[in-house]
file protein_20.cif (mmCIF, N, CA and C atoms)
data_entry
#
loop_
_atom_site.label_atom_id
_atom_site.label_comp_id
_atom_site.auth_asym_id
_atom_site.auth_seq_id
_atom_site.Cartn_x
_atom_site.Cartn_y
_atom_site.Cartn_z
N MET A 1 111.34 -2.52 -41.77
CA MET A 1 111.28 -2.84 -43.17
C MET A 1 112.55 -3.56 -43.56
N ALA A 2 112.48 -4.44 -44.52
CA ALA A 2 113.61 -5.25 -44.90
C ALA A 2 114.72 -4.45 -45.56
N SER A 3 114.39 -3.43 -46.30
CA SER A 3 115.41 -2.66 -47.00
C SER A 3 116.00 -1.59 -46.11
N ASP A 4 117.17 -1.07 -46.54
CA ASP A 4 117.82 -0.01 -45.77
C ASP A 4 117.38 1.38 -46.22
N ALA A 5 116.47 1.45 -47.17
CA ALA A 5 115.99 2.74 -47.66
C ALA A 5 115.19 3.43 -46.56
N PRO A 6 115.26 4.77 -46.52
CA PRO A 6 114.48 5.48 -45.50
C PRO A 6 112.99 5.26 -45.74
N CYS A 7 112.23 5.34 -44.68
CA CYS A 7 110.79 5.15 -44.82
C CYS A 7 110.07 6.46 -44.49
N GLY A 8 108.82 6.51 -44.92
CA GLY A 8 108.06 7.73 -44.81
C GLY A 8 106.89 7.68 -43.87
N GLY A 9 107.11 7.24 -42.65
CA GLY A 9 106.06 7.32 -41.65
C GLY A 9 105.05 6.20 -41.72
N VAL A 10 103.78 6.54 -41.50
CA VAL A 10 102.72 5.54 -41.33
C VAL A 10 101.60 5.81 -42.33
N LEU A 11 101.11 4.73 -42.95
CA LEU A 11 99.93 4.81 -43.81
C LEU A 11 98.78 4.13 -43.10
N ILE A 12 97.69 4.88 -42.88
CA ILE A 12 96.48 4.35 -42.25
C ILE A 12 95.46 4.09 -43.34
N VAL A 13 94.95 2.84 -43.39
CA VAL A 13 93.97 2.44 -44.39
C VAL A 13 92.72 1.99 -43.64
N ASP A 14 91.70 2.85 -43.62
CA ASP A 14 90.47 2.54 -42.89
C ASP A 14 89.33 3.35 -43.50
N ASP A 15 88.18 2.72 -43.68
CA ASP A 15 87.05 3.43 -44.29
C ASP A 15 86.31 4.34 -43.32
N ASP A 16 86.56 4.20 -42.02
CA ASP A 16 85.88 5.02 -41.02
C ASP A 16 86.68 6.31 -40.80
N PRO A 17 86.13 7.47 -41.22
CA PRO A 17 86.88 8.72 -41.10
C PRO A 17 87.22 9.09 -39.65
N ASP A 18 86.37 8.71 -38.70
CA ASP A 18 86.67 9.01 -37.30
C ASP A 18 87.88 8.22 -36.82
N ILE A 19 87.97 6.97 -37.20
CA ILE A 19 89.14 6.16 -36.83
C ILE A 19 90.39 6.69 -37.50
N ARG A 20 90.31 6.99 -38.81
CA ARG A 20 91.47 7.55 -39.51
C ARG A 20 91.96 8.81 -38.82
N ASP A 21 91.03 9.72 -38.51
CA ASP A 21 91.42 10.99 -37.89
C ASP A 21 91.99 10.80 -36.50
N SER A 22 91.40 9.90 -35.72
CA SER A 22 91.91 9.65 -34.36
C SER A 22 93.31 9.06 -34.40
N LEU A 23 93.51 8.05 -35.26
CA LEU A 23 94.83 7.45 -35.38
C LEU A 23 95.86 8.47 -35.87
N ARG A 24 95.48 9.24 -36.88
CA ARG A 24 96.38 10.26 -37.41
C ARG A 24 96.80 11.23 -36.32
N GLU A 25 95.84 11.70 -35.55
CA GLU A 25 96.12 12.66 -34.48
C GLU A 25 97.07 12.08 -33.44
N VAL A 26 96.80 10.86 -33.00
CA VAL A 26 97.66 10.22 -31.99
C VAL A 26 99.08 10.07 -32.52
N LEU A 27 99.21 9.59 -33.76
CA LEU A 27 100.54 9.36 -34.32
C LEU A 27 101.27 10.65 -34.62
N GLU A 28 100.57 11.64 -35.13
CA GLU A 28 101.21 12.94 -35.38
C GLU A 28 101.67 13.58 -34.07
N ASP A 29 100.90 13.42 -33.00
CA ASP A 29 101.31 13.94 -31.70
C ASP A 29 102.61 13.30 -31.22
N GLU A 30 102.89 12.08 -31.69
CA GLU A 30 104.12 11.38 -31.34
C GLU A 30 105.25 11.68 -32.32
N GLY A 31 104.98 12.55 -33.31
CA GLY A 31 106.02 12.97 -34.24
C GLY A 31 106.10 12.20 -35.55
N TYR A 32 105.14 11.34 -35.81
CA TYR A 32 105.15 10.57 -37.06
C TYR A 32 104.51 11.34 -38.19
N GLU A 33 105.04 11.14 -39.40
CA GLU A 33 104.35 11.58 -40.59
C GLU A 33 103.27 10.55 -40.86
N VAL A 34 102.07 11.01 -41.19
CA VAL A 34 100.94 10.09 -41.37
C VAL A 34 100.20 10.45 -42.66
N ALA A 35 99.90 9.41 -43.43
CA ALA A 35 99.02 9.55 -44.59
C ALA A 35 97.81 8.66 -44.32
N THR A 36 96.65 9.08 -44.80
CA THR A 36 95.42 8.30 -44.60
C THR A 36 94.70 8.10 -45.92
N VAL A 37 94.11 6.91 -46.07
CA VAL A 37 93.27 6.59 -47.23
C VAL A 37 92.09 5.76 -46.74
N ALA A 38 91.05 5.67 -47.57
CA ALA A 38 89.79 5.06 -47.14
C ALA A 38 89.59 3.60 -47.55
N ASN A 39 90.48 3.06 -48.40
CA ASN A 39 90.31 1.67 -48.82
C ASN A 39 91.60 1.15 -49.46
N GLY A 40 91.60 -0.14 -49.76
CA GLY A 40 92.79 -0.76 -50.32
C GLY A 40 93.19 -0.21 -51.67
N ARG A 41 92.22 0.13 -52.52
CA ARG A 41 92.54 0.69 -53.84
C ARG A 41 93.28 2.01 -53.68
N GLU A 42 92.78 2.89 -52.80
CA GLU A 42 93.46 4.16 -52.55
C GLU A 42 94.85 3.92 -51.96
N ALA A 43 94.98 2.89 -51.13
CA ALA A 43 96.28 2.58 -50.53
C ALA A 43 97.28 2.16 -51.61
N LEU A 44 96.86 1.31 -52.54
CA LEU A 44 97.76 0.91 -53.62
C LEU A 44 98.18 2.11 -54.46
N ASP A 45 97.23 2.98 -54.78
CA ASP A 45 97.56 4.19 -55.54
C ASP A 45 98.55 5.05 -54.77
N HIS A 46 98.33 5.21 -53.48
CA HIS A 46 99.23 6.00 -52.64
C HIS A 46 100.63 5.37 -52.64
N LEU A 47 100.70 4.06 -52.47
CA LEU A 47 101.99 3.38 -52.41
C LEU A 47 102.76 3.49 -53.72
N LYS A 48 102.06 3.43 -54.85
CA LYS A 48 102.72 3.57 -56.15
C LYS A 48 103.35 4.95 -56.29
N ALA A 49 102.70 5.96 -55.73
CA ALA A 49 103.15 7.34 -55.90
C ALA A 49 104.07 7.82 -54.78
N SER A 50 104.15 7.10 -53.67
CA SER A 50 104.89 7.63 -52.52
C SER A 50 106.38 7.30 -52.58
N ASN A 51 107.17 8.28 -52.20
CA ASN A 51 108.60 8.11 -52.08
C ASN A 51 109.08 9.05 -50.99
N PRO A 52 109.56 8.54 -49.89
CA PRO A 52 109.75 7.12 -49.62
C PRO A 52 108.44 6.43 -49.25
N ARG A 53 108.48 5.11 -49.31
CA ARG A 53 107.32 4.32 -48.90
C ARG A 53 107.15 4.41 -47.39
N PRO A 54 105.94 4.13 -46.90
CA PRO A 54 105.73 4.16 -45.45
C PRO A 54 106.56 3.09 -44.75
N CYS A 55 106.82 3.32 -43.47
CA CYS A 55 107.53 2.33 -42.63
C CYS A 55 106.60 1.20 -42.25
N VAL A 56 105.32 1.53 -42.11
CA VAL A 56 104.32 0.54 -41.68
C VAL A 56 102.95 0.97 -42.19
N ILE A 57 102.11 -0.04 -42.45
CA ILE A 57 100.73 0.20 -42.87
C ILE A 57 99.81 -0.32 -41.78
N LEU A 58 98.90 0.53 -41.30
CA LEU A 58 97.84 0.12 -40.37
C LEU A 58 96.60 -0.11 -41.23
N LEU A 59 96.14 -1.36 -41.29
CA LEU A 59 95.13 -1.76 -42.27
C LEU A 59 93.88 -2.33 -41.62
N ASP A 60 92.74 -1.74 -41.94
CA ASP A 60 91.44 -2.30 -41.57
C ASP A 60 91.13 -3.43 -42.56
N LEU A 61 90.36 -4.41 -42.12
CA LEU A 61 90.00 -5.52 -43.02
C LEU A 61 88.72 -5.27 -43.80
N MET A 62 87.70 -4.75 -43.13
CA MET A 62 86.39 -4.60 -43.74
C MET A 62 86.20 -3.18 -44.28
N MET A 63 86.34 -3.05 -45.61
CA MET A 63 86.20 -1.74 -46.27
C MET A 63 85.54 -1.94 -47.62
N PRO A 64 84.87 -0.90 -48.12
CA PRO A 64 84.32 -0.97 -49.48
C PRO A 64 85.44 -0.80 -50.51
N VAL A 65 85.12 -0.97 -51.75
CA VAL A 65 85.98 -0.81 -52.92
C VAL A 65 87.03 -1.92 -52.98
N MET A 66 87.98 -1.92 -52.05
CA MET A 66 88.94 -3.02 -51.91
C MET A 66 89.17 -3.25 -50.43
N ASP A 67 88.81 -4.44 -49.96
CA ASP A 67 88.95 -4.73 -48.54
C ASP A 67 90.41 -5.06 -48.18
N GLY A 68 90.66 -5.23 -46.90
CA GLY A 68 92.01 -5.50 -46.42
C GLY A 68 92.57 -6.82 -46.92
N TRP A 69 91.72 -7.84 -47.02
CA TRP A 69 92.18 -9.14 -47.51
C TRP A 69 92.72 -9.02 -48.94
N THR A 70 91.97 -8.36 -49.80
CA THR A 70 92.39 -8.19 -51.19
C THR A 70 93.64 -7.32 -51.27
N PHE A 71 93.70 -6.28 -50.44
CA PHE A 71 94.88 -5.42 -50.42
C PHE A 71 96.13 -6.22 -50.06
N VAL A 72 96.03 -7.07 -49.04
CA VAL A 72 97.18 -7.88 -48.62
C VAL A 72 97.62 -8.81 -49.75
N GLU A 73 96.67 -9.43 -50.42
CA GLU A 73 97.00 -10.30 -51.56
C GLU A 73 97.70 -9.51 -52.66
N GLU A 74 97.19 -8.31 -52.96
CA GLU A 74 97.81 -7.47 -53.98
C GLU A 74 99.23 -7.05 -53.58
N CYS A 75 99.42 -6.76 -52.32
CA CYS A 75 100.76 -6.35 -51.85
C CYS A 75 101.79 -7.45 -52.03
N GLN A 76 101.39 -8.68 -51.91
CA GLN A 76 102.32 -9.78 -52.13
C GLN A 76 102.83 -9.81 -53.56
N ARG A 77 102.04 -9.30 -54.49
CA ARG A 77 102.39 -9.34 -55.91
C ARG A 77 103.09 -8.08 -56.41
N ARG A 78 103.09 -7.03 -55.62
CA ARG A 78 103.56 -5.73 -56.12
C ARG A 78 104.81 -5.27 -55.37
N THR A 79 105.76 -4.73 -56.12
CA THR A 79 106.99 -4.24 -55.49
C THR A 79 106.77 -2.96 -54.71
N CYS A 80 105.69 -2.24 -54.97
CA CYS A 80 105.44 -0.97 -54.28
C CYS A 80 105.12 -1.18 -52.81
N CYS A 81 104.78 -2.41 -52.41
CA CYS A 81 104.40 -2.61 -51.02
C CYS A 81 104.76 -3.98 -50.46
N SER A 82 105.40 -4.83 -51.24
CA SER A 82 105.64 -6.20 -50.79
C SER A 82 106.52 -6.30 -49.55
N ASP A 83 107.37 -5.30 -49.31
CA ASP A 83 108.25 -5.37 -48.14
C ASP A 83 107.86 -4.39 -47.03
N VAL A 84 106.72 -3.72 -47.17
CA VAL A 84 106.27 -2.79 -46.12
C VAL A 84 105.49 -3.59 -45.07
N PRO A 85 105.88 -3.52 -43.80
CA PRO A 85 105.15 -4.25 -42.75
C PRO A 85 103.69 -3.78 -42.67
N ILE A 86 102.81 -4.75 -42.53
CA ILE A 86 101.37 -4.47 -42.40
C ILE A 86 100.90 -4.94 -41.03
N VAL A 87 100.22 -4.03 -40.33
CA VAL A 87 99.57 -4.36 -39.06
C VAL A 87 98.08 -4.20 -39.29
N VAL A 88 97.35 -5.30 -39.14
CA VAL A 88 95.90 -5.27 -39.35
C VAL A 88 95.22 -4.82 -38.07
N THR A 89 94.27 -3.90 -38.21
CA THR A 89 93.42 -3.48 -37.10
C THR A 89 92.02 -3.99 -37.41
N SER A 90 91.46 -4.75 -36.47
CA SER A 90 90.17 -5.39 -36.77
C SER A 90 89.31 -5.50 -35.52
N ALA A 91 88.01 -5.40 -35.75
CA ALA A 91 87.04 -5.61 -34.67
C ALA A 91 86.49 -7.03 -34.72
N SER A 92 87.10 -7.90 -35.51
CA SER A 92 86.64 -9.28 -35.65
C SER A 92 86.64 -10.00 -34.30
N HIS A 93 85.56 -10.73 -34.06
CA HIS A 93 85.48 -11.53 -32.84
C HIS A 93 86.33 -12.78 -32.95
N ASP A 94 86.77 -13.10 -34.14
CA ASP A 94 87.59 -14.28 -34.39
C ASP A 94 89.02 -13.87 -34.74
N LEU A 95 89.53 -12.84 -34.06
CA LEU A 95 90.83 -12.30 -34.41
C LEU A 95 91.97 -13.31 -34.32
N PRO A 96 92.03 -14.21 -33.35
CA PRO A 96 93.14 -15.17 -33.34
C PRO A 96 93.21 -16.02 -34.62
N ASN A 97 92.08 -16.52 -35.10
CA ASN A 97 92.08 -17.30 -36.34
C ASN A 97 92.34 -16.40 -37.54
N THR A 98 91.79 -15.21 -37.52
CA THR A 98 92.03 -14.25 -38.60
C THR A 98 93.51 -13.91 -38.67
N ALA A 99 94.13 -13.67 -37.52
CA ALA A 99 95.56 -13.33 -37.47
C ALA A 99 96.41 -14.45 -38.05
N GLU A 100 96.07 -15.67 -37.73
CA GLU A 100 96.82 -16.82 -38.25
C GLU A 100 96.73 -16.88 -39.76
N ARG A 101 95.53 -16.69 -40.30
CA ARG A 101 95.37 -16.68 -41.77
C ARG A 101 96.14 -15.54 -42.40
N LEU A 102 96.11 -14.36 -41.77
CA LEU A 102 96.80 -13.20 -42.33
C LEU A 102 98.32 -13.37 -42.31
N ARG A 103 98.85 -14.04 -41.31
CA ARG A 103 100.30 -14.26 -41.26
C ARG A 103 100.79 -15.02 -42.48
N SER A 104 99.94 -15.90 -43.00
CA SER A 104 100.33 -16.64 -44.20
C SER A 104 100.44 -15.71 -45.41
N PHE A 105 99.85 -14.52 -45.31
CA PHE A 105 99.95 -13.51 -46.37
C PHE A 105 101.04 -12.48 -46.07
N GLY A 106 101.79 -12.67 -45.01
CA GLY A 106 102.88 -11.75 -44.69
C GLY A 106 102.52 -10.63 -43.73
N VAL A 107 101.30 -10.64 -43.19
CA VAL A 107 100.92 -9.61 -42.22
C VAL A 107 101.71 -9.84 -40.94
N ARG A 108 102.29 -8.79 -40.38
CA ARG A 108 103.15 -8.92 -39.20
C ARG A 108 102.38 -9.24 -37.94
N THR A 109 101.30 -8.52 -37.70
CA THR A 109 100.51 -8.74 -36.49
C THR A 109 99.13 -8.12 -36.65
N CYS A 110 98.26 -8.44 -35.72
CA CYS A 110 96.90 -7.88 -35.71
C CYS A 110 96.67 -7.18 -34.38
N LEU A 111 95.91 -6.12 -34.43
CA LEU A 111 95.58 -5.34 -33.26
C LEU A 111 94.06 -5.24 -33.19
N ALA A 112 93.47 -5.68 -32.08
CA ALA A 112 92.02 -5.68 -31.93
C ALA A 112 91.49 -4.27 -31.70
N LYS A 113 90.37 -3.97 -32.36
CA LYS A 113 89.64 -2.72 -32.12
C LYS A 113 88.59 -2.98 -31.07
N PRO A 114 88.30 -2.08 -30.18
CA PRO A 114 89.06 -0.85 -29.95
C PRO A 114 90.39 -1.22 -29.31
N PHE A 115 91.43 -0.46 -29.66
CA PHE A 115 92.75 -0.82 -29.17
C PHE A 115 93.29 0.18 -28.18
N ASP A 116 94.23 -0.32 -27.44
CA ASP A 116 94.94 0.46 -26.43
C ASP A 116 95.95 1.36 -27.15
N VAL A 117 95.94 2.63 -26.88
CA VAL A 117 96.83 3.58 -27.55
C VAL A 117 98.30 3.23 -27.30
N ASP A 118 98.63 2.84 -26.07
CA ASP A 118 100.02 2.48 -25.78
C ASP A 118 100.46 1.26 -26.59
N GLY A 119 99.57 0.29 -26.74
CA GLY A 119 99.88 -0.88 -27.55
C GLY A 119 100.08 -0.51 -29.01
N LEU A 120 99.23 0.37 -29.52
CA LEU A 120 99.37 0.85 -30.89
C LEU A 120 100.71 1.55 -31.08
N LEU A 121 101.05 2.46 -30.18
CA LEU A 121 102.31 3.19 -30.30
C LEU A 121 103.52 2.26 -30.22
N ALA A 122 103.44 1.24 -29.37
CA ALA A 122 104.54 0.29 -29.27
C ALA A 122 104.73 -0.47 -30.59
N LEU A 123 103.62 -0.85 -31.23
CA LEU A 123 103.72 -1.53 -32.52
C LEU A 123 104.30 -0.62 -33.59
N VAL A 124 103.81 0.59 -33.66
CA VAL A 124 104.32 1.52 -34.67
C VAL A 124 105.81 1.77 -34.43
N GLU A 125 106.21 1.94 -33.18
CA GLU A 125 107.62 2.16 -32.85
C GLU A 125 108.49 0.99 -33.30
N ARG A 126 107.95 -0.23 -33.21
CA ARG A 126 108.71 -1.41 -33.62
C ARG A 126 109.08 -1.33 -35.10
N TYR A 127 108.15 -0.86 -35.93
CA TYR A 127 108.37 -0.84 -37.37
C TYR A 127 108.83 0.51 -37.91
N ALA A 128 108.61 1.56 -37.15
CA ALA A 128 108.96 2.90 -37.61
C ALA A 128 109.69 3.66 -36.50
N PRO A 129 110.81 3.12 -36.00
CA PRO A 129 111.47 3.74 -34.85
C PRO A 129 112.03 5.12 -35.14
N SER A 130 112.31 5.41 -36.40
CA SER A 130 112.92 6.70 -36.69
C SER A 130 112.12 7.47 -37.72
N ALA A 131 110.81 7.35 -37.64
CA ALA A 131 109.96 8.09 -38.57
C ALA A 131 110.24 9.57 -38.39
N PRO A 132 110.33 10.30 -39.50
CA PRO A 132 110.64 11.72 -39.41
C PRO A 132 109.57 12.48 -38.65
N ALA A 133 110.01 13.42 -37.87
CA ALA A 133 109.09 14.28 -37.12
C ALA A 133 108.42 15.24 -38.10
N VAL A 134 107.20 15.61 -37.78
CA VAL A 134 106.44 16.55 -38.62
C VAL A 134 106.99 17.94 -38.42
#
call {"tool": "encode", "arguments": {"input": "protein_20.cif", "output": "structure tokens"}}
result
Amino acid sequence: MASDAPCGGVLIVDDDPDIRDSLREVLEDEGYEVATVANGREALDHLKASNPRPCVILLDLMMPVMDGWTFVEECQRRTCCSDVPIVVTSASHDLPNTAERLRSFGVRTCLAKPFDVDGLLALVERYAPSAPAV
């Protein structure tokens, strides 16, 4: 994260409860604090209320209520999340082109679903190297 303020672990934004639970379990087993929400609207509400803010957001693109694209656009406009790194997780078959478009919105990287757990952990470690242990 760009600021020197402490961060509060990982925020998982995905409408699939099985994916949220699996990611949460893997990350908590590695000692990360994890919060989960089901869509972009819930993520914005969480970010407004959270202190400290998460170190990194793992974001699905296709969700009801507010999708990942809209969430990313909103984050560019809001101080509650404009400097929090976002890693998009997507099952899109056109991920290289999607990733390029997302970078223009400030998304750090994209991770294809289904993803390799070691790759996921390496990405989270890059953005949240000192996330507090649970």
call {"tool": "atom_distance", "arguments": {"input": "protein_20.cif", "atom1": "atom C of Glu25 in chain A", "atom2": "atom C of Cys75 in chain A"}}
result
27.4 Å
call {"tool": "atom_distance", "arguments": {"input": "protein_20.cif", "atom1": "CA of Tyr32 in chain A", "atom2": "CA of Thr70 in chain A"}}
result
26.7 Å
call {"tool": "select_by_dssp", "arguments": {"input": "protein_20.cif", "residues": "chain A", "states": "strand (DSSP E or B)", "output": "VMD selection string"}}
result
chain A and resid 10 to 13 34 to 37 56 to 60 86 to 90 109 to 112
call {"tool": "atom_distance", "arguments": {"input": "protein_20.cif", "atom1": "atom N of Cys110 in chain A", "atom2": "atom C of Gly68 in chain A"}}
result
12.7 Å
call {"tool": "residues_around", "arguments": {"input": "protein_20.cif", "residues": "Ser90 in chain A", "least_positions_apart": "2", "cutoff": "6.5 Å", "atoms": "only N, CA and C atoms", "output": "NGL selection string"}}
result
:A and (59-61 or 88 or 92 or 110-114)
call {"tool": "closest_residue", "arguments": {"input": "protein_20.cif", "among": "A:Ile86, A:Leu58, A:Ala49, A:Met63", "to": "Asp15 in chain A", "atoms": "all atoms listed in the file"}}
result
A:Met63
call {"tool": "closest_residue", "arguments": {"input": "protein_20.cif", "among": "A:Thr109, A:Thr89, A:Asn39, A:Ser22", "to": "Pro64 in chain A", "atoms": "all atoms listed in the file"}}
result
A:Asn39
call {"tool": "closest_residue", "arguments": {"input": "protein_20.cif", "among": "A:Val84, A:Met66, A:Val124, A:Val13", "to": "Arg53 in chain A", "atoms": "only N, CA and C atoms"}}
result
A:Val84
call {"tool": "closest_residue", "arguments": {"input": "protein_20.cif", "among": "A:Cys7, A:Cys81, A:Val34, A:Ile19", "to": "Pro52 in chain A", "atoms": "only N, CA and C atoms"}}
result
A:Cys7
call {"tool": "resolve_selection", "arguments": {"input": "protein_20.cif", "expression": "the PyMOL selection byres (((chain A and resi 9-12 and name CA) around 7) and name CA)", "output": "PyMOL selection string"}}
result
chain A and resi 7-8+13-14+20+32-37+54-59+128+131-132
call {"tool": "closest_residue", "arguments": {"input": "protein_20.cif", "among": "A:Glu74, A:Asp67, A:Val87, A:Glu42", "to": "Leu120 in chain A", "atoms": "only C-alpha atoms"}}
result
A:Val87
